[in-house]
$ cat entry30.cif   # mmCIF, C-alpha atoms
data_final
loop_
_atom_site.group_PDB
_atom_site.id
_atom_site.type_symbol
_atom_site.label_atom_id
_atom_site.label_comp_id
_atom_site.auth_asym_id
_atom_site.auth_seq_id
_atom_site.Cartn_x
_atom_site.Cartn_y
_atom_site.Cartn_z
ATOM 1 C CA MET A 1 37.596 -30.836 -36.397
ATOM 2 C CA GLY A 2 37.930 -31.208 -40.143
ATOM 3 C CA SER A 3 38.096 -28.703 -42.917
ATOM 4 C CA ILE A 4 36.481 -28.210 -46.279
ATOM 5 C CA ARG A 5 37.590 -26.343 -49.331
ATOM 6 C CA LEU A 6 34.989 -23.726 -50.145
ATOM 7 C CA LEU A 7 34.386 -23.824 -53.876
ATOM 8 C CA ASN A 8 33.455 -20.624 -55.687
ATOM 9 C CA SER A 9 30.421 -22.410 -57.147
ATOM 10 C CA ILE A 10 28.683 -21.705 -53.833
ATOM 11 C CA LEU A 11 28.172 -18.160 -55.139
ATOM 12 C CA LEU A 12 25.985 -19.563 -57.907
ATOM 13 C CA SER A 13 24.092 -21.967 -55.672
ATOM 14 C CA GLU A 14 20.567 -21.726 -54.332
ATOM 15 C CA VAL A 15 21.861 -21.082 -50.823
ATOM 16 C CA TRP A 16 23.299 -17.744 -51.928
ATOM 17 C CA LEU A 17 19.732 -16.548 -52.560
ATOM 18 C CA ARG A 18 18.927 -17.031 -48.863
ATOM 19 C CA SER A 19 19.472 -14.576 -46.024
ATOM 20 C CA ALA A 20 22.987 -13.728 -44.865
ATOM 21 C CA THR A 21 22.352 -15.614 -41.622
ATOM 22 C CA THR A 22 21.224 -18.730 -43.489
ATOM 23 C CA ARG A 23 24.309 -18.568 -45.715
ATOM 24 C CA LEU A 24 26.507 -18.294 -42.629
ATOM 25 C CA VAL A 25 24.793 -21.250 -40.960
ATOM 26 C CA TRP A 26 25.127 -23.308 -44.177
ATOM 27 C CA ILE A 27 28.859 -22.611 -44.401
ATOM 28 C CA THR A 28 29.181 -23.495 -40.710
ATOM 29 C CA LEU A 29 27.363 -26.789 -41.308
ATOM 30 C CA LEU A 30 29.720 -27.555 -44.203
ATOM 31 C CA GLY A 31 32.742 -26.770 -42.061
ATOM 32 C CA MET A 32 31.573 -28.805 -39.079
ATOM 33 C CA ALA A 33 30.502 -31.900 -41.020
ATOM 34 C CA ASP A 34 32.493 -35.116 -40.806
ATOM 35 C CA ARG A 35 33.589 -36.987 -43.953
ATOM 36 C CA THR A 36 30.127 -38.522 -44.310
ATOM 37 C CA GLY A 37 28.316 -35.193 -44.061
ATOM 38 C CA LEU A 38 27.117 -35.717 -40.477
ATOM 39 C CA VAL A 39 27.034 -32.594 -38.320
ATOM 40 C CA ASP A 40 26.962 -33.614 -34.660
ATOM 41 C CA LEU A 41 25.973 -30.343 -32.963
ATOM 42 C CA SER A 42 23.296 -29.043 -30.651
ATOM 43 C CA TRP A 43 21.362 -25.881 -31.412
ATOM 44 C CA PRO A 44 23.498 -23.811 -29.025
ATOM 45 C CA GLY A 45 26.670 -25.341 -30.490
ATOM 46 C CA LEU A 46 25.651 -24.533 -34.050
ATOM 47 C CA ALA A 47 24.718 -21.006 -33.015
ATOM 48 C CA ARG A 48 28.035 -20.494 -31.219
ATOM 49 C CA PHE A 49 30.140 -21.741 -34.145
ATOM 50 C CA ALA A 50 28.108 -19.704 -36.659
ATOM 51 C CA GLY A 51 28.169 -16.600 -34.485
ATOM 52 C CA VAL A 52 24.397 -16.221 -34.494
ATOM 53 C CA THR A 53 21.674 -16.558 -31.874
ATOM 54 C CA THR A 54 20.080 -19.929 -31.228
ATOM 55 C CA GLU A 55 16.834 -18.589 -32.682
ATOM 56 C CA GLU A 56 18.632 -17.482 -35.855
ATOM 57 C CA ALA A 57 20.311 -20.886 -36.157
ATOM 58 C CA MET A 58 16.972 -22.652 -35.754
ATOM 59 C CA SER A 59 15.305 -20.396 -38.321
ATOM 60 C CA SER A 60 18.160 -20.872 -40.793
ATOM 61 C CA VAL A 61 18.153 -24.653 -40.432
ATOM 62 C CA ALA A 62 14.376 -24.695 -40.871
ATOM 63 C CA ASP A 63 14.874 -22.695 -44.069
ATOM 64 C CA LEU A 64 17.549 -25.137 -45.283
ATOM 65 C CA LEU A 65 15.437 -28.176 -44.378
ATOM 66 C CA SER A 66 12.500 -26.799 -46.350
ATOM 67 C CA HIS A 67 14.372 -26.809 -49.642
ATOM 68 C CA ARG A 68 12.163 -26.506 -52.656
ATOM 69 C CA GLU A 69 11.916 -28.889 -55.588
ATOM 70 C CA GLY A 70 14.976 -28.763 -57.816
ATOM 71 C CA GLU A 71 17.225 -27.018 -55.304
ATOM 72 C CA GLU A 72 20.655 -28.409 -54.570
ATOM 73 C CA ILE A 73 20.532 -27.788 -50.819
ATOM 74 C CA ALA A 74 20.288 -31.215 -49.305
ATOM 75 C CA LEU A 75 20.078 -31.054 -45.527
ATOM 76 C CA GLU A 76 18.223 -33.602 -43.459
ATOM 77 C CA ASP A 77 17.494 -33.810 -39.744
ATOM 78 C CA VAL A 78 19.133 -36.676 -37.816
ATOM 79 C CA PRO A 79 17.168 -36.993 -34.562
ATOM 80 C CA GLY A 80 19.326 -37.084 -31.454
ATOM 81 C CA VAL A 81 22.484 -36.201 -33.398
ATOM 82 C CA GLY A 82 22.128 -33.107 -35.551
ATOM 83 C CA TRP A 83 21.984 -32.955 -39.326
ATOM 84 C CA ARG A 84 23.323 -34.711 -42.402
ATOM 85 C CA ILE A 85 24.344 -32.997 -45.599
ATOM 86 C CA ARG A 86 23.301 -35.349 -48.373
ATOM 87 C CA ASP A 87 25.710 -35.799 -51.274
ATOM 88 C CA PHE A 88 28.398 -34.281 -49.057
ATOM 89 C CA ASP A 89 31.133 -35.700 -51.282
ATOM 90 C CA ARG A 90 30.245 -32.950 -53.779
ATOM 91 C CA PHE A 91 31.589 -30.470 -51.258
ATOM 92 C CA LEU A 92 34.854 -32.314 -50.607
ATOM 93 C CA GLY A 93 36.471 -31.265 -53.858
ATOM 94 C CA LEU A 94 36.659 -34.846 -55.134
ATOM 95 C CA ASP A 95 35.393 -33.778 -58.507
ATOM 96 C CA SER A 96 37.923 -30.959 -58.600
ATOM 97 C CA ASP A 97 40.751 -33.454 -57.983
ATOM 98 C CA GLN A 98 39.538 -35.493 -60.912
ATOM 99 C CA ARG A 99 39.385 -32.319 -63.002
ATOM 100 C CA LYS A 100 42.945 -31.442 -61.975
ATOM 101 C CA ARG A 101 44.199 -34.834 -63.168
ATOM 102 C CA ALA A 102 42.343 -34.475 -66.462
ATOM 103 C CA ASN A 103 43.680 -30.944 -66.952
ATOM 104 C CA ALA A 104 47.227 -32.107 -66.201
ATOM 105 C CA ALA A 105 46.889 -34.883 -68.774
ATOM 106 C CA ALA A 106 45.551 -32.384 -71.330
ATOM 107 C CA ARG A 107 48.477 -30.028 -70.643
ATOM 108 C CA GLN A 108 50.937 -32.898 -71.127
ATOM 109 C CA ARG A 109 49.304 -33.837 -74.440
ATOM 110 C CA ALA A 110 49.415 -30.210 -75.616
ATOM 111 C CA PHE A 111 53.064 -29.919 -74.568
ATOM 112 C CA ARG A 112 53.948 -33.095 -76.480
ATOM 113 C CA GLN A 113 52.075 -31.878 -79.544
ATOM 114 C CA ARG A 114 53.925 -28.549 -79.473
ATOM 115 C CA ARG A 115 57.241 -30.411 -79.204
ATOM 116 C CA GLY A 116 56.262 -32.852 -81.917
ATOM 117 C CA VAL A 117 56.435 -35.804 -79.522
ATOM 118 C CA LEU A 118 53.368 -38.041 -79.707
#

$ encode --input "entry30.cif" --output "structure tokens"
Amino acid sequence: MGSIRLLNSILLSEVWLRSATTRLVWITLLGMADRTGLVDLSWPGLARFAGVTTEEAMSSVADLLSHREGEEIALEDVPGVGWRIRDFDRFLGLDSDQRKRANAAARQRAFRQRRGVL
């Protein structure tokens, strides 16, 4: 089982406007996804990991699958397997790693400028 860093931007996302159960199922899907965004779970498995009933899991996934135009939630059904989170790499913190490197470089430049070393 893998892990995912939960970014605080989730609080500003469209999913946070959904029900508490749907938010919980979404976070469970993120946590259970492999590196490609594939979530290989049955309905009862998803419900068990999310701590909800099977009916609540099904309702939440239906809500997530019916995303509206312009929303960032990108879940698709994978028949016989489970679900895939499209653009899953956004949730892996890859962009944040790139930002960390850029911030480190900016700090080094600022340090050199303060010391008069260019």

$ residues_around --input "entry30.cif" --residues "region 84-86 of chain A" --least-positions-apart "4" --cutoff "12 Å" --atoms "only C-alpha atoms" --output "mmCIF file with C-alpha atoms, in the coordinates of the input"
data_model
loop_
_atom_site.group_PDB
_atom_site.id
_atom_site.type_symbol
_atom_site.label_atom_id
_atom_site.label_comp_id
_atom_site.auth_asym_id
_atom_site.auth_seq_id
_atom_site.Cartn_x
_atom_site.Cartn_y
_atom_site.Cartn_z
ATOM 1 C CA TRP A 26 25.127 -23.308 -44.177
ATOM 2 C CA ILE A 27 28.859 -22.611 -44.401
ATOM 3 C CA THR A 28 29.181 -23.495 -40.710
ATOM 4 C CA LEU A 29 27.363 -26.789 -41.308
ATOM 5 C CA LEU A 30 29.720 -27.555 -44.203
ATOM 6 C CA GLY A 31 32.742 -26.770 -42.061
ATOM 7 C CA MET A 32 31.573 -28.805 -39.079
ATOM 8 C CA ALA A 33 30.502 -31.900 -41.020
ATOM 9 C CA ASP A 34 32.493 -35.116 -40.806
ATOM 10 C CA ARG A 35 33.589 -36.987 -43.953
ATOM 11 C CA THR A 36 30.127 -38.522 -44.310
ATOM 12 C CA GLY A 37 28.316 -35.193 -44.061
ATOM 13 C CA LEU A 38 27.117 -35.717 -40.477
ATOM 14 C CA VAL A 39 27.034 -32.594 -38.320
ATOM 15 C CA ASP A 40 26.962 -33.614 -34.660
ATOM 16 C CA LEU A 41 25.973 -30.343 -32.963
ATOM 17 C CA VAL A 61 18.153 -24.653 -40.432
ATOM 18 C CA LEU A 64 17.549 -25.137 -45.283
ATOM 19 C CA LEU A 65 15.437 -28.176 -44.378
ATOM 20 C CA GLU A 72 20.655 -28.409 -54.570
ATOM 21 C CA ILE A 73 20.532 -27.788 -50.819
ATOM 22 C CA ALA A 74 20.288 -31.215 -49.305
ATOM 23 C CA LEU A 75 20.078 -31.054 -45.527
ATOM 24 C CA GLU A 76 18.223 -33.602 -43.459
ATOM 25 C CA ASP A 77 17.494 -33.810 -39.744
ATOM 26 C CA VAL A 78 19.133 -36.676 -37.816
ATOM 27 C CA PRO A 79 17.168 -36.993 -34.562
ATOM 28 C CA GLY A 80 19.326 -37.084 -31.454
ATOM 29 C CA ARG A 90 30.245 -32.950 -53.779
ATOM 30 C CA PHE A 91 31.589 -30.470 -51.258
ATOM 31 C CA LEU A 92 34.854 -32.314 -50.607
#

$ closest_residue --input "entry30.cif" --among "A:Val15, A:Ala20, A:Gly116, A:Ile10" --to "Ala57 (chain A)" --atoms "only C-alpha atoms"
A:Ala20

$ atom_distance --input "entry30.cif" --atom1 "CA of Val52 (chain A)" --atom2 "CA of Asp89 (chain A)"
26.6 Å

$ closest_residue --input "entry30.cif" --among "A:Ser19, A:Leu24, A:Trp83, A:Arg112" --to "Phe49 (chain A)" --atoms "only C-alpha atoms"
A:Leu24

$ atom_distance --input "entry30.cif" --atom1 "CA of Asp63 (chain A)" --atom2 "CA of Thr22 (chain A)"
7.5 Å

$ atom_distance --input "entry30.cif" --atom1 "CA of Pro44 (chain A)" --atom2 "CA of Ser66 (chain A)"
20.7 Å

$ closest_residue --input "entry30.cif" --among "A:Asn8, A:Gln113, A:Gln108, A:Ser42" --to "Met58 (chain A)" --atoms "only C-alpha atoms"
A:Ser42

$ closest_residue --input "entry30.cif" --among "A:Arg48, A:Arg107, A:Arg114, A:Arg18" --to "Ala62 (chain A)" --atoms "all atoms listed in the file"
A:Arg18
